[in-house]
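Student: Data: upload26.cif, mmCIF, C-alpha atoms.
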data_query
#
loop_
_atom_site.label_atom_id
_atom_site.label_comp_id
_atom_site.auth_asym_id
_atom_site.auth_seq_id
_atom_site.Cartn_x
_atom_site.Cartn_y
_atom_site.Cartn_z
CA MET A 24 3.15 7.78 23.00
CA ALA A 25 6.21 9.32 24.67
CA PRO A 26 7.09 11.10 27.92
CA GLU A 27 7.04 14.88 27.84
CA PRO A 28 10.25 16.13 26.20
CA ALA A 29 12.78 17.68 28.57
CA ASP A 30 14.03 20.24 26.05
CA ALA A 31 11.83 23.34 25.87
CA GLY A 32 12.05 23.55 22.07
CA ALA A 33 11.09 19.93 21.64
CA ARG A 34 8.26 20.33 24.15
CA GLU A 35 6.89 23.33 22.29
CA LEU A 36 6.91 21.49 18.96
CA ALA A 37 5.26 18.44 20.51
CA ASP A 38 2.49 20.64 21.91
CA LEU A 39 1.99 22.42 18.60
CA VAL A 40 1.75 19.18 16.63
CA ALA A 41 -0.57 17.67 19.26
CA GLY A 42 -2.86 20.64 18.75
CA LEU A 43 -3.05 19.77 15.04
CA ARG A 44 -3.68 16.05 15.64
CA ASP A 45 -7.35 15.84 14.72
CA GLU A 46 -7.00 18.08 11.67
CA LEU A 47 -4.00 16.12 10.36
CA VAL A 48 -5.82 12.80 10.71
CA ALA A 49 -8.81 14.28 8.86
CA ILE A 50 -6.55 15.50 6.04
CA ARG A 51 -4.84 12.13 5.85
CA ARG A 52 -8.20 10.37 5.53
CA ASP A 53 -9.28 12.81 2.83
CA LEU A 54 -6.10 12.17 0.85
CA HIS A 55 -6.49 8.43 1.32
CA ALA A 56 -10.01 8.59 -0.08
CA HIS A 57 -8.84 10.55 -3.14
CA PRO A 58 -5.54 9.05 -4.32
CA GLU A 59 -3.94 10.19 -7.56
CA LEU A 60 -1.28 8.53 -9.69
CA GLY A 61 2.13 10.04 -10.42
CA ARG A 62 2.14 13.43 -12.15
CA THR A 63 -1.65 13.70 -11.86
CA GLU A 64 -1.74 14.73 -8.18
CA GLU A 65 -3.59 18.00 -8.84
CA ARG A 66 -6.22 17.65 -6.11
CA THR A 67 -3.64 16.53 -3.55
CA THR A 68 -1.44 19.50 -4.46
CA ARG A 69 -4.41 21.84 -4.09
CA VAL A 70 -5.37 20.46 -0.65
CA VAL A 71 -1.83 20.94 0.68
CA ALA A 72 -1.36 24.36 -0.91
CA GLU A 73 -4.65 25.71 0.43
CA ARG A 74 -3.80 24.63 3.99
CA LEU A 75 -0.37 26.25 3.77
CA ARG A 76 -1.89 29.47 2.47
CA ALA A 77 -4.41 29.42 5.33
CA ALA A 78 -1.41 29.41 7.68
CA GLY A 79 -0.07 32.55 6.03
CA LEU A 80 2.58 30.74 3.97
CA ARG A 81 3.31 31.12 0.26
CA PRO A 82 3.62 27.75 -1.48
CA HIS A 83 5.32 27.52 -4.86
CA VAL A 84 3.22 25.19 -7.03
CA LEU A 85 5.03 23.24 -9.73
CA PRO A 86 3.67 22.86 -13.27
CA GLY A 87 1.22 19.96 -13.25
CA SER A 88 1.50 18.81 -9.64
CA GLY A 89 3.73 19.11 -6.62
CA LEU A 90 4.89 22.13 -4.64
CA TRP A 91 7.36 23.45 -2.15
CA CYS A 92 7.03 26.04 0.57
CA ASP A 93 9.65 27.99 2.54
CA ILE A 94 9.41 28.78 6.25
CA GLY A 95 11.63 30.93 8.43
CA PRO A 96 14.79 32.86 7.64
CA THR A 97 16.53 32.91 4.29
CA VAL A 98 19.68 34.01 6.10
CA GLY A 99 20.17 32.58 9.59
CA PRO A 100 22.70 33.38 12.31
CA ARG A 101 25.26 31.14 10.56
CA GLY A 102 24.62 32.45 7.06
CA THR A 103 22.37 31.21 4.30
CA ARG A 104 21.13 27.77 5.30
CA ARG A 105 18.00 25.81 4.59
CA VAL A 106 16.81 22.37 5.70
CA ALA A 107 14.30 20.49 3.54
CA LEU A 108 11.59 18.05 4.58
CA ARG A 109 10.29 15.88 1.76
CA ALA A 110 6.98 14.12 1.17
CA ASP A 111 5.65 12.22 -1.84
CA LEU A 112 2.09 12.72 -3.09
CA ASP A 113 1.22 9.85 -5.42
CA GLY A 114 -0.78 6.69 -4.94
CA LEU A 115 -0.42 3.32 -6.63
CA PRO A 116 -2.44 1.52 -9.34
CA VAL A 117 -3.67 -0.96 -6.72
CA PRO A 118 -7.33 -1.55 -5.71
CA ASP A 119 -8.03 -0.41 -2.13
CA ALA A 120 -9.00 -3.30 0.14
CA CYS A 121 -8.62 -1.62 3.55
CA ARG A 122 -12.42 -1.66 4.15
CA LEU A 123 -12.39 1.54 6.17
CA PRO A 124 -14.80 4.49 5.87
CA TRP A 125 -12.06 6.52 4.18
CA ALA A 126 -11.15 3.85 1.63
CA SER A 127 -10.26 5.03 -1.85
CA THR A 128 -13.10 6.38 -3.95
CA VAL A 129 -10.97 6.06 -7.09
CA ARG A 130 -11.34 2.68 -8.73
CA GLY A 131 -8.05 0.80 -9.03
CA VAL A 132 -5.96 3.43 -7.20
CA ALA A 133 -4.93 3.45 -3.53
CA HIS A 134 -2.45 4.95 -1.11
CA ALA A 135 -0.95 1.51 -0.61
CA CYS A 136 2.53 2.80 0.24
CA GLY A 137 1.60 5.34 2.91
CA HIS A 138 2.31 8.48 0.92
CA ASP A 139 -0.81 10.02 2.45
CA VAL A 140 0.92 9.62 5.83
CA HIS A 141 4.18 11.12 4.52
CA THR A 142 2.34 14.10 3.04
CA THR A 143 0.36 14.81 6.17
CA ALA A 144 3.41 14.39 8.41
CA VAL A 145 5.42 16.96 6.44
CA LEU A 146 2.40 19.28 6.34
CA GLY A 147 2.01 18.98 10.12
CA ALA A 148 5.71 19.60 10.66
CA GLY A 149 5.50 22.70 8.50
CA LEU A 150 2.43 24.09 10.24
CA ALA A 151 4.13 23.64 13.62
CA LEU A 152 7.42 25.18 12.45
CA ALA A 153 5.56 28.14 10.95
CA GLN A 154 4.41 29.05 14.46
CA VAL A 155 8.02 29.28 15.68
CA ALA A 156 9.47 30.63 12.42
CA ASP A 157 10.91 33.75 14.06
CA ARG A 158 13.08 31.53 16.28
CA LEU A 159 14.39 29.11 13.66
CA GLU A 160 18.14 29.29 13.10
CA ALA A 161 17.85 28.01 9.54
CA GLY A 162 15.09 28.18 7.00
CA VAL A 163 12.94 25.15 6.28
CA ARG A 164 11.67 24.06 2.87
CA LEU A 165 8.72 21.70 2.66
CA ILE A 166 8.89 19.63 -0.52
CA PHE A 167 5.77 17.81 -1.70
CA GLN A 168 6.91 15.97 -4.80
CA PRO A 169 4.93 14.15 -7.47
CA ALA A 170 5.55 10.72 -8.95
CA GLU A 171 7.75 8.88 -6.47
CA GLU A 172 6.38 5.61 -7.80
CA VAL A 173 7.22 6.46 -11.43
CA GLN A 174 10.83 5.74 -12.36
CA PRO A 175 13.17 7.56 -12.48
CA GLY A 176 11.05 9.61 -10.08
CA GLY A 177 9.42 12.97 -9.50
CA SER A 178 12.31 14.15 -7.36
CA LEU A 179 14.05 14.92 -10.65
CA ASP A 180 11.09 17.16 -11.57
CA VAL A 181 11.49 19.04 -8.30
CA MET A 182 15.22 19.53 -8.74
CA ALA A 183 14.82 20.61 -12.38
CA ALA A 184 12.38 23.30 -11.20
CA GLY A 185 14.84 24.58 -8.58
CA GLY A 186 13.27 22.93 -5.57
CA LEU A 187 16.61 21.94 -4.06
CA ASP A 188 18.33 25.27 -4.69
CA GLY A 189 19.67 26.72 -1.46
CA VAL A 190 19.03 23.52 0.51
CA ASP A 191 21.92 22.23 2.63
CA ARG A 192 20.33 19.12 4.16
CA ILE A 193 17.20 17.05 3.57
CA PHE A 194 15.13 14.61 5.62
CA ALA A 195 12.23 12.24 4.97
CA VAL A 196 10.32 9.38 6.53
CA HIS A 197 8.88 6.24 4.97
CA CYS A 198 6.10 4.15 6.49
CA ASP A 199 7.22 0.79 7.91
CA PRO A 200 4.28 -1.48 8.79
CA LYS A 201 6.67 -3.97 10.44
CA LEU A 202 7.58 -1.38 13.09
CA ASP A 203 5.28 -0.33 15.95
CA VAL A 204 3.89 3.19 15.91
CA GLY A 205 6.07 5.51 17.98
CA LEU A 206 9.26 3.77 16.86
CA VAL A 207 11.70 4.92 14.20
CA GLY A 208 14.11 2.79 12.17
CA THR A 209 17.43 4.30 11.10
CA ARG A 210 20.63 3.16 9.43
CA ILE A 211 23.85 4.84 8.32
CA GLY A 212 24.72 4.14 4.69
CA PRO A 213 22.45 2.43 2.15
CA ILE A 214 18.94 1.97 3.51
CA THR A 215 17.29 1.17 0.16
CA SER A 216 18.51 -0.26 -3.12
CA ALA A 217 19.04 0.88 -6.65
CA SER A 218 16.13 -0.47 -8.66
CA ASP A 219 16.24 -0.90 -12.45
CA GLU A 220 13.97 -2.62 -14.95
CA VAL A 221 15.63 -4.98 -17.43
CA THR A 222 14.19 -6.68 -20.52
CA VAL A 223 15.92 -9.21 -22.77
CA THR A 224 14.33 -10.05 -26.12
CA LEU A 225 15.72 -12.93 -28.20
CA THR A 226 14.93 -13.53 -31.86
CA GLY A 227 15.74 -16.60 -33.93
CA ARG A 228 14.53 -18.82 -36.71
CA GLY A 229 11.57 -20.70 -35.28
CA GLY A 230 10.57 -24.20 -36.26
CA HIS A 231 9.22 -27.59 -35.22
CA THR A 232 10.34 -29.05 -31.91
CA SER A 233 11.38 -32.22 -33.76
CA ARG A 234 14.10 -30.24 -35.56
CA PRO A 235 15.66 -27.92 -32.96
CA HIS A 236 19.03 -28.10 -34.73
CA LEU A 237 17.54 -26.15 -37.65
CA THR A 238 16.33 -23.31 -35.46
CA GLY A 239 17.60 -20.59 -33.21
CA ASP A 240 15.91 -22.02 -30.13
CA VAL A 241 14.88 -18.90 -28.20
CA VAL A 242 13.17 -20.90 -25.44
CA PHE A 243 16.38 -22.78 -24.65
CA ALA A 244 18.34 -19.53 -24.98
CA LEU A 245 15.99 -17.76 -22.57
CA GLY A 246 16.67 -20.55 -20.09
CA GLN A 247 20.40 -19.82 -20.33
CA VAL A 248 19.80 -16.12 -19.70
CA ILE A 249 17.51 -16.83 -16.77
CA THR A 250 19.91 -19.20 -15.02
CA GLN A 251 23.35 -17.95 -16.02
CA VAL A 252 23.15 -14.16 -15.91
CA PRO A 253 22.32 -13.80 -12.18
CA ALA A 254 25.24 -16.12 -11.39
CA VAL A 255 27.61 -14.10 -13.57
CA LEU A 256 26.62 -10.86 -11.83
CA GLY A 257 27.40 -12.51 -8.51
CA ARG A 258 30.95 -13.19 -9.73
CA ARG A 259 31.65 -10.02 -11.70
CA LEU A 260 30.40 -7.51 -9.11
CA ASP A 261 31.51 -7.15 -5.49
CA PRO A 262 29.24 -9.41 -3.39
CA ARG A 263 29.23 -6.72 -0.69
CA SER A 264 27.29 -4.47 -3.09
CA GLY A 265 24.10 -6.52 -2.63
CA VAL A 266 23.39 -7.10 -6.33
CA ASN A 267 20.14 -8.96 -6.96
CA LEU A 268 18.70 -9.86 -10.36
CA THR A 269 15.23 -11.41 -10.17
CA TRP A 270 13.09 -12.33 -13.17
CA GLY A 271 9.41 -11.50 -13.05
CA ALA A 272 8.01 -12.52 -16.45
CA VAL A 273 8.89 -14.88 -19.30
CA ARG A 274 7.00 -14.85 -22.59
CA ALA A 275 7.64 -17.24 -25.47
CA GLY A 276 5.56 -19.51 -27.68
CA THR A 277 1.94 -20.64 -27.70
CA VAL A 278 1.94 -24.38 -28.36
CA HIS A 279 3.84 -27.45 -27.17
CA ASN A 280 5.39 -28.54 -30.49
CA ALA A 281 6.61 -25.30 -32.10
CA ILE A 282 9.74 -23.34 -31.29
CA PRO A 283 8.80 -19.65 -31.39
CA ALA A 284 10.73 -17.01 -33.29
CA THR A 285 10.84 -14.54 -30.40
CA GLY A 286 10.86 -14.62 -26.61
CA THR A 287 11.25 -12.12 -23.79
CA VAL A 288 12.28 -12.20 -20.15
CA MET A 289 11.78 -9.22 -17.83
CA GLY A 290 13.02 -8.55 -14.35
CA THR A 291 14.50 -6.13 -11.85
CA LEU A 292 18.16 -5.44 -11.14
CA ARG A 293 18.77 -4.12 -7.65
CA CYS A 294 21.96 -3.02 -5.96
CA LEU A 295 22.76 -1.59 -2.52
CA ASP A 296 25.97 0.17 -3.58
CA VAL A 297 25.85 3.17 -5.91
CA ARG A 298 29.32 2.49 -7.36
CA ALA A 299 28.40 -1.08 -8.29
CA TRP A 300 25.08 0.20 -9.67
CA GLU A 301 26.91 2.53 -12.04
CA HIS A 302 28.89 -0.46 -13.39
CA ALA A 303 26.15 -3.10 -13.33
CA SER A 304 24.55 -2.18 -16.66
CA GLN A 305 27.67 -2.95 -18.65
CA VAL A 306 28.26 -6.23 -16.81
CA PHE A 307 24.62 -7.28 -17.23
CA GLU A 308 24.53 -6.70 -20.99
CA GLN A 309 27.82 -8.49 -21.58
CA ALA A 310 26.62 -11.46 -19.50
CA VAL A 311 23.45 -11.76 -21.61
CA HIS A 312 25.39 -11.79 -24.87
CA ASP A 313 27.90 -14.30 -23.52
CA ALA A 314 25.13 -16.65 -22.34
CA VAL A 315 23.60 -17.03 -25.83
CA ARG A 316 26.61 -16.40 -28.07
CA SER A 317 26.70 -19.94 -29.53
CA LEU A 318 22.93 -20.46 -29.84
CA GLY A 319 22.15 -18.66 -33.10
CA VAL A 320 19.82 -16.00 -31.72
CA GLU A 321 19.80 -12.22 -31.92
CA VAL A 322 19.77 -10.24 -28.67
CA GLU A 323 18.13 -6.98 -27.66
CA VAL A 324 18.78 -5.72 -24.13
CA LYS A 325 16.80 -2.87 -22.59
CA HIS A 326 18.00 -1.53 -19.25
CA GLN A 327 15.75 1.16 -17.79
CA ARG A 328 17.76 2.91 -15.11
CA GLY A 329 15.60 3.59 -12.08
CA VAL A 330 16.91 5.17 -8.89
CA PRO A 331 20.21 4.88 -6.99
CA PRO A 332 20.31 3.62 -3.40
CA VAL A 333 19.28 5.94 -0.58
CA GLU A 334 22.56 6.41 1.28
CA ASN A 335 22.01 8.01 4.68
CA ARG A 336 24.83 10.26 5.82
CA GLU A 337 26.14 9.73 9.33
CA GLY A 338 25.61 13.26 10.64
CA SER A 339 22.10 13.54 9.21
CA THR A 340 21.15 10.13 10.58
CA GLY A 341 22.37 11.31 13.97
CA VAL A 342 20.08 14.35 13.73
CA LEU A 343 17.06 12.12 13.03
CA GLU A 344 17.95 9.82 15.91
CA ALA A 345 18.41 12.74 18.32
CA ALA A 346 15.08 14.20 17.20
CA ALA A 347 13.32 10.87 17.73
CA ARG A 348 14.71 10.48 21.25
CA ASP A 349 13.69 14.04 22.07
CA VAL A 350 10.06 13.82 20.95
CA LEU A 351 9.21 10.10 20.75
CA GLY A 352 11.15 8.86 23.76
CA PRO A 353 14.66 7.64 24.60
CA GLU A 354 13.87 4.07 23.46
CA SER A 355 12.22 5.04 20.18
CA VAL A 356 15.13 4.39 17.79
CA ARG A 357 15.75 0.99 16.21
CA LEU A 358 18.41 -0.19 13.77
CA THR A 359 16.56 -0.99 10.55
CA GLU A 360 17.54 -3.51 7.90
CA GLN A 361 18.64 -2.66 4.38
CA SER A 362 15.85 -2.97 1.86
CA LEU A 363 16.08 -3.98 -1.79
CA GLY A 364 13.18 -1.66 -2.55
CA GLY A 365 13.83 1.54 -4.51
CA GLU A 366 13.13 5.13 -3.39
CA ASP A 367 13.64 8.25 -5.46
CA PHE A 368 14.61 10.25 -2.35
CA ALA A 369 18.02 8.93 -3.40
CA TRP A 370 18.28 11.55 -6.15
CA TYR A 371 18.20 14.37 -3.58
CA LEU A 372 21.03 12.69 -1.67
CA GLN A 373 23.13 12.76 -4.83
CA LYS A 374 23.12 16.56 -4.42
CA VAL A 375 22.88 17.31 -0.69
CA PRO A 376 23.44 15.28 2.48
CA GLY A 377 20.48 13.95 4.39
CA ALA A 378 18.76 10.87 5.71
CA MET A 379 15.52 8.92 5.61
CA ALA A 380 14.00 7.16 8.62
CA ARG A 381 11.46 4.37 8.68
CA LEU A 382 8.32 5.43 10.53
CA GLY A 383 6.49 2.79 12.53
CA THR A 384 2.82 2.38 11.52
CA ARG A 385 1.86 -0.93 13.18
CA THR A 386 -0.48 -0.93 16.17
CA PRO A 387 1.45 -2.68 18.98
CA GLY A 388 0.23 -6.26 19.14
CA GLY A 389 -1.75 -5.78 15.94
CA HIS A 390 -1.56 -7.25 12.47
CA THR A 391 1.56 -6.71 10.34
CA TYR A 392 0.59 -5.42 6.91
CA ASP A 393 2.82 -4.87 3.91
CA ILE A 394 3.28 -1.87 1.66
CA HIS A 395 2.13 -1.91 -1.97
CA GLN A 396 -0.78 -4.10 -0.90
CA GLY A 397 -4.37 -2.89 -1.11
CA ASP A 398 -5.24 -3.95 2.44
CA LEU A 399 -2.56 -1.73 4.05
CA ARG A 400 -3.73 -0.15 7.30
CA VAL A 401 -1.72 2.25 9.41
CA ASP A 402 -2.07 3.28 13.02
CA GLU A 403 -2.95 6.94 12.50
CA ARG A 404 -0.89 8.00 15.50
CA ALA A 405 1.97 7.68 12.99
CA VAL A 406 0.89 10.98 11.42
CA GLU A 407 1.58 12.89 14.63
CA ALA A 408 4.77 10.92 15.26
CA GLY A 409 6.09 11.68 11.79
CA ALA A 410 5.18 15.35 12.01
CA VAL A 411 6.85 15.99 15.34
CA LEU A 412 9.90 13.92 14.38
CA LEU A 413 10.47 15.92 11.18
CA ALA A 414 9.78 19.25 12.84
CA ARG A 415 12.32 18.50 15.57
CA ALA A 416 14.87 17.24 13.01
CA ALA A 417 14.59 20.52 11.10
CA GLN A 418 14.98 22.47 14.31
CA LEU A 419 18.05 20.50 15.41
CA ALA A 420 19.66 20.61 11.96
CA GLY A 421 19.27 24.37 11.96
CA ARG A 422 20.98 24.67 15.32
CA ALA A 423 23.93 22.44 14.43
CA ALA A 424 27.06 23.78 12.82
CA PRO A 425 27.55 22.46 9.28
CA ASP A 426 29.36 19.12 9.24
CA PRO A 427 32.44 19.33 6.95
CA ALA A 428 32.04 15.62 6.25
CA GLU A 429 28.59 16.34 4.78
CA ARG A 430 29.28 18.74 1.98
CA ARG A 431 27.09 19.21 -1.04
CA HIS A 432 27.64 16.70 -3.83
CA ASP A 433 28.67 18.81 -6.83
#
Please go through the file and, once you have read it, give me the structure as structure tokens.
Tutor:
Amino acid sequence: MAPEPADAGARELADLVAGLRDELVAIRRDLHAHPELGRTEERTTRVVAERLRAAGLRPHVLPGSGLWCDIGPTVGPRGTRRVALRADLDGLPVPDACRLPWASTVRGVAHACGHDVHTTAVLGAGLALAQVADRLEAGVRLIFQPAEEVQPGGSLDVMAAGGLDGVDRIFAVHCDPKLDVGLVGTRIGPITSASDEVTVTLTGRGGHTSRPHLTGDVVFALGQVITQVPAVLGRRLDPRSGVNLTWGAVRAGTVHNAIPATGTVMGTLRCLDVRAWEHASQVFEQAVHDAVRSLGVEVEVKHQRGVPPVENREGSTGVLEAAARDVLGPESVRLTEQSLGGEDFAWYLQKVPGAMARLGTRTPGGHTYDIHQGDLRVDERAVEAGAVLLARAAQLAGRAAPDPAERRHD
């Protein structure tokens, strides 16, 4: 997919990953055929751990599911430094419709977000780096986390178990089926959004539709919440923060001529700026109460905080871009758009600097699929591309002097 790297270190890693190509694709297909939901990824954890042990490594398995594994020096030439590469293990509660020989064998569960690719790419990067461990200038930690799809995310499980201890920088990739295989999408700053779940329940005195003045009309009140609250957020929060409130479900009543006593509206609140996200909950709840204050209904607001935005640091993004140009070709990097999707990789970046890149999975000229859909297909050359990209990023990050602008978040 790319010309032979000019740098000897990059060339060696590319050759090592190429030698693993067939095995990595086979592992990816096995994982795709046996997806597991968040915090149940026991088989997936076992497959990864056994392959790492076969390479002479010593994985640390977390309680339940997930693991991490250290490679290379604990103290490098510039002191104690460690670079982490992160993958997520879980599938989605989505029926598999890819119609391939390695389609999911688990009814109603599929790797519809490409986590099987992420896992295999980090595994491949680790197996390649293990073969040059004596020449690494910083240690590398492979993190295979559970439950990325379960808010607030399995990254918190990893950190609670000490998985980020001693790590100075962290990298990850995420499949992008809108981008051709061999290409990488990067962006400095927010690349994903905060993603929260919100539920508003209204209660009032129900009654006949011929006498609405004797009721607390929750259907009318829900309409005020649905239409007014998004507009209020757009005026109370900085529009540059990318706040987006979208309703996904409304439930009230059963017949045409009776005003119900209760009603509920549910949606997602997303925000591209972490500072606005921290303030949005208060603004949202006040806007709901203000919208129905004169309508004679009681209000219950539930705001389930999800994940903050993934905010790529400049220096770490530069490392990923340099790695991509080294091993995928000088024209491999693209500026990617901001997404309103959520990603729990963001929690790691609250503690240490790092960056996430979008990994192209579309066959050039082929169909454009979408993530979280059962028919998702990826060009399996993305596994090798992701592995060599992450391996080279770890190598380059270890060589670079620490960036004072990218200090740990305490």
Student: With segment 313-329 of chain A as the partner and 12 Å as the cut-off, tabulate the residues of segment 356-387 of chain A that qualify, each row holding the nearest pair of atoms and their distance in Å to one decimal, using all atoms listed in the file, sorted by chain and rising number, as CSV.
Tutor:
residue,atom,partner,partner_atom,distance
A:Gly364,CA,A:Gly329,CA,11.1
A:Gly365,CA,A:Gly329,CA,8.0
A:Glu366,CA,A:Gly329,CA,9.2
A:Asp367,CA,A:Gly329,CA,8.3
A:Phe368,CA,A:Gly329,CA,11.8
A:Ala369,CA,A:Gly329,CA,10.5
A:Trp370,CA,A:Gly329,CA,10.3
Student: Check which residues satisfy the PyMOL selection byres ((chain A and resi 261-277) around 8) in the file shown, then give them as a ChimeraX atom specification.
Tutor: /A:241-242,249,253,256-260,278-279,281-283,285-296,299
Student: Write a file of the just-selected residues containing C-alpha atoms, as a compact mmCIF listing (two decimals), keeping the file's coordinate frame.
Tutor:
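New file selection-v6.txt:
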# COMPACT_ATOMS: atom_id res chain seq x y z
CA VAL A 241 14.88 -18.90 -28.20
CA VAL A 242 13.17 -20.90 -25.44
CA ILE A 249 17.51 -16.83 -16.77
CA PRO A 253 22.32 -13.80 -12.18
CA LEU A 256 26.62 -10.86 -11.83
CA GLY A 257 27.40 -12.51 -8.51
CA ARG A 258 30.95 -13.19 -9.73
CA ARG A 259 31.65 -10.02 -11.70
CA LEU A 260 30.40 -7.51 -9.11
CA VAL A 278 1.94 -24.38 -28.36
CA HIS A 279 3.84 -27.45 -27.17
CA ALA A 281 6.61 -25.30 -32.10
CA ILE A 282 9.74 -23.34 -31.29
CA PRO A 283 8.80 -19.65 -31.39
CA THR A 285 10.84 -14.54 -30.40
CA GLY A 286 10.86 -14.62 -26.61
CA THR A 287 11.25 -12.12 -23.79
CA VAL A 288 12.28 -12.20 -20.15
CA MET A 289 11.78 -9.22 -17.83
CA GLY A 290 13.02 -8.55 -14.35
CA THR A 291 14.50 -6.13 -11.85
CA LEU A 292 18.16 -5.44 -11.14
CA ARG A 293 18.77 -4.12 -7.65
CA CYS A 294 21.96 -3.02 -5.96
CA LEU A 295 22.76 -1.59 -2.52
CA ASP A 296 25.97 0.17 -3.58
CA ALA A 299 28.40 -1.08 -8.29
Student: Name the residues captured by the PyMOL selection byres ((chain A and resi 387-392) around 8) when it is applied to the shown file; answer as a list in words.
Tutor: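 Taken on the displayed file, the PyMOL selection byres ((chain A and resi 387-392) around 8) yields the residues Pro200, Lys201, Asp203, Val204, Arg385, Thr386, Asp393, Ile394, Asp398, Leu399 and Arg400 of chain A.
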Student: So how far away is atom CA of His55 of chain A from atom CA of Met182 of chain A, in Å?
Tutor: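 Spanning atom CA of Met182 of chain A to atom CA of His55 of chain A is a straight-line distance of 26.4 Å.
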Student: To one decimal place, how far is atom CA of Leu419 of chain A from atom CA of Glu407 of chain A in Å?
Tutor: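 These two atoms are separated by 18.2 Å.
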Student: List the residues matched by the PyMOL selection byres ((chain A and resi 41) around 10) in the displayed structure as a PyMOL selection string, ordered by chain and then by residue number.
Tutor: chain A and resi 35-40+42-47+147+151+407-408+410-411
Student: Can you tell me how far atom CA of Thr128 of chain A sits from atom CA of Pro58 of chain A, in Å to one decimal?
Tutor: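 If I compute the distance from atom CA of Thr128 of chain A to atom CA of Pro58 of chain A, I get 8.0 Å.
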Student: Counting all atoms listed in the file, which residues have an atom no more than 9 Å from (-6.6, 11.3, -4.8) in the file's coordinates? Please list them as a PyMOL selection string.
Tutor: chain A and resi 53-60+63-67+112-114+127-129+132-134
Student: Write out as a list in words the residues lying within 10 Å of Glu337 of chain A, counting only C-alpha atoms and excluding same-chain residues fewer than 4 positions away.
Tutor: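 Within the cut-off, the hits are Arg210, Ile211, Gly212, Gly341, Val342, Pro376, Gly377, Ala378, Asp426, Ala428 and Glu429 of chain A.
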Student: Take the residues from that selection and write them out as a JSON list (two decimals), in the coordinates of the input, keeping C-alpha atoms.
Tutor:
[["chain", "number", "residue", "atom", "x", "y", "z"],
["A", 210, "ARG", "CA", 20.63, 3.16, 9.43],
["A", 211, "ILE", "CA", 23.85, 4.84, 8.32],
["A", 212, "GLY", "CA", 24.72, 4.14, 4.69],
["A", 341, "GLY", "CA", 22.37, 11.31, 13.97],
["A", 342, "VAL", "CA", 20.08, 14.35, 13.73],
["A", 376, "PRO", "CA", 23.44, 15.28, 2.48],
["A", 377, "GLY", "CA", 20.48, 13.95, 4.39],
["A", 378, "ALA", "CA", 18.76, 10.87, 5.71],
["A", 426, "ASP", "CA", 29.36, 19.12, 9.24],
["A", 428, "ALA", "CA", 32.04, 15.62, 6.25],
["A", 429, "GLU", "CA", 28.59, 16.34, 4.78]]
Student: Need the shell around Ala170 of chain A: protein/DNA/RNA residues with any atom at most 6 Å away, counting only C-alpha atoms. Skip same-chain ones fewer than 4 positions apart. Format as a VMD selection string?
Tutor: chain A and resid 61 to 62 113 176 to 177
Student: Would you mind listing what lies within 12 Å of Glu360 of chain A as a count of residues only, with all atoms listed in the file counted and same-chain residues fewer than 2 positions away left out?
Tutor: 20
Student: Given only C-alpha atoms as the basis, pick out the residue of A:Val196, A:Val252, A:Pro116, A:Leu165 nearest to Gly397 of chain A.
Tutor: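 Looking only at the distances to Gly397 of chain A, the closest residue turns out to be A:Pro116.
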Student: When distances are computed from all atoms listed in the file, which of A:Val48, A:Ala217, A:Ala183, A:Val333 shows the smallest separation from Glu301 of chain A?
Tutor: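 Closest to Glu301 of chain A, using all atoms listed in the file: A:Ala217.
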Student: Tell me, as a PyMOL selection string, which residues lie within 12 Å of Pro353 of chain A, counting only C-alpha atoms; anything in the same chain fewer than 2 positions away does not count.
Tutor: chain A and resi 24-29+205-207+344-351+355-357
Student: Those same residues, written as a compact mmCIF listing (two decimals), in the coordinates of the input with C-alpha atoms?
Tutor:
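Output (selection_29.txt):
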# COMPACT_ATOMS: atom_id res chain seq x y z
CA MET A 24 3.15 7.78 23.00
CA ALA A 25 6.21 9.32 24.67
CA PRO A 26 7.09 11.10 27.92
CA GLU A 27 7.04 14.88 27.84
CA PRO A 28 10.25 16.13 26.20
CA ALA A 29 12.78 17.68 28.57
CA GLY A 205 6.07 5.51 17.98
CA LEU A 206 9.26 3.77 16.86
CA VAL A 207 11.70 4.92 14.20
CA GLU A 344 17.95 9.82 15.91
CA ALA A 345 18.41 12.74 18.32
CA ALA A 346 15.08 14.20 17.20
CA ALA A 347 13.32 10.87 17.73
CA ARG A 348 14.71 10.48 21.25
CA ASP A 349 13.69 14.04 22.07
CA VAL A 350 10.06 13.82 20.95
CA LEU A 351 9.21 10.10 20.75
CA SER A 355 12.22 5.04 20.18
CA VAL A 356 15.13 4.39 17.79
CA ARG A 357 15.75 0.99 16.21
Student: So, counting all atoms listed in the file, which residue among A:Ser178, A:Ser218, A:Thr340, A:Asn280 is closest to Gly230 of chain A?
Tutor: A:Asn280
Student: From the options A:Arg52, A:Pro332, A:His236, A:Val223, which residue's atoms come nearest to Pro124 of chain A, counting only C-alpha atoms?
Tutor: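 Nearest to Pro124 of chain A: A:Arg52.
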Student: Using all atoms listed in the file for the distances, tell me which of A:Gln174, A:Gln418, A:Thr226, A:Gln309 is nearest to Leu343 of chain A.
Tutor: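 Closest candidate: A:Gln418.
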Student: Looking at only C-alpha atoms, which of A:Met379, A:Cys121, A:Ile50, A:Val221 is the one that sits closest to Glu308 of chain A?
Tutor: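 Comparing A:Met379, A:Cys121, A:Ile50, A:Val221 against Glu308 of chain A, the winner is A:Val221.
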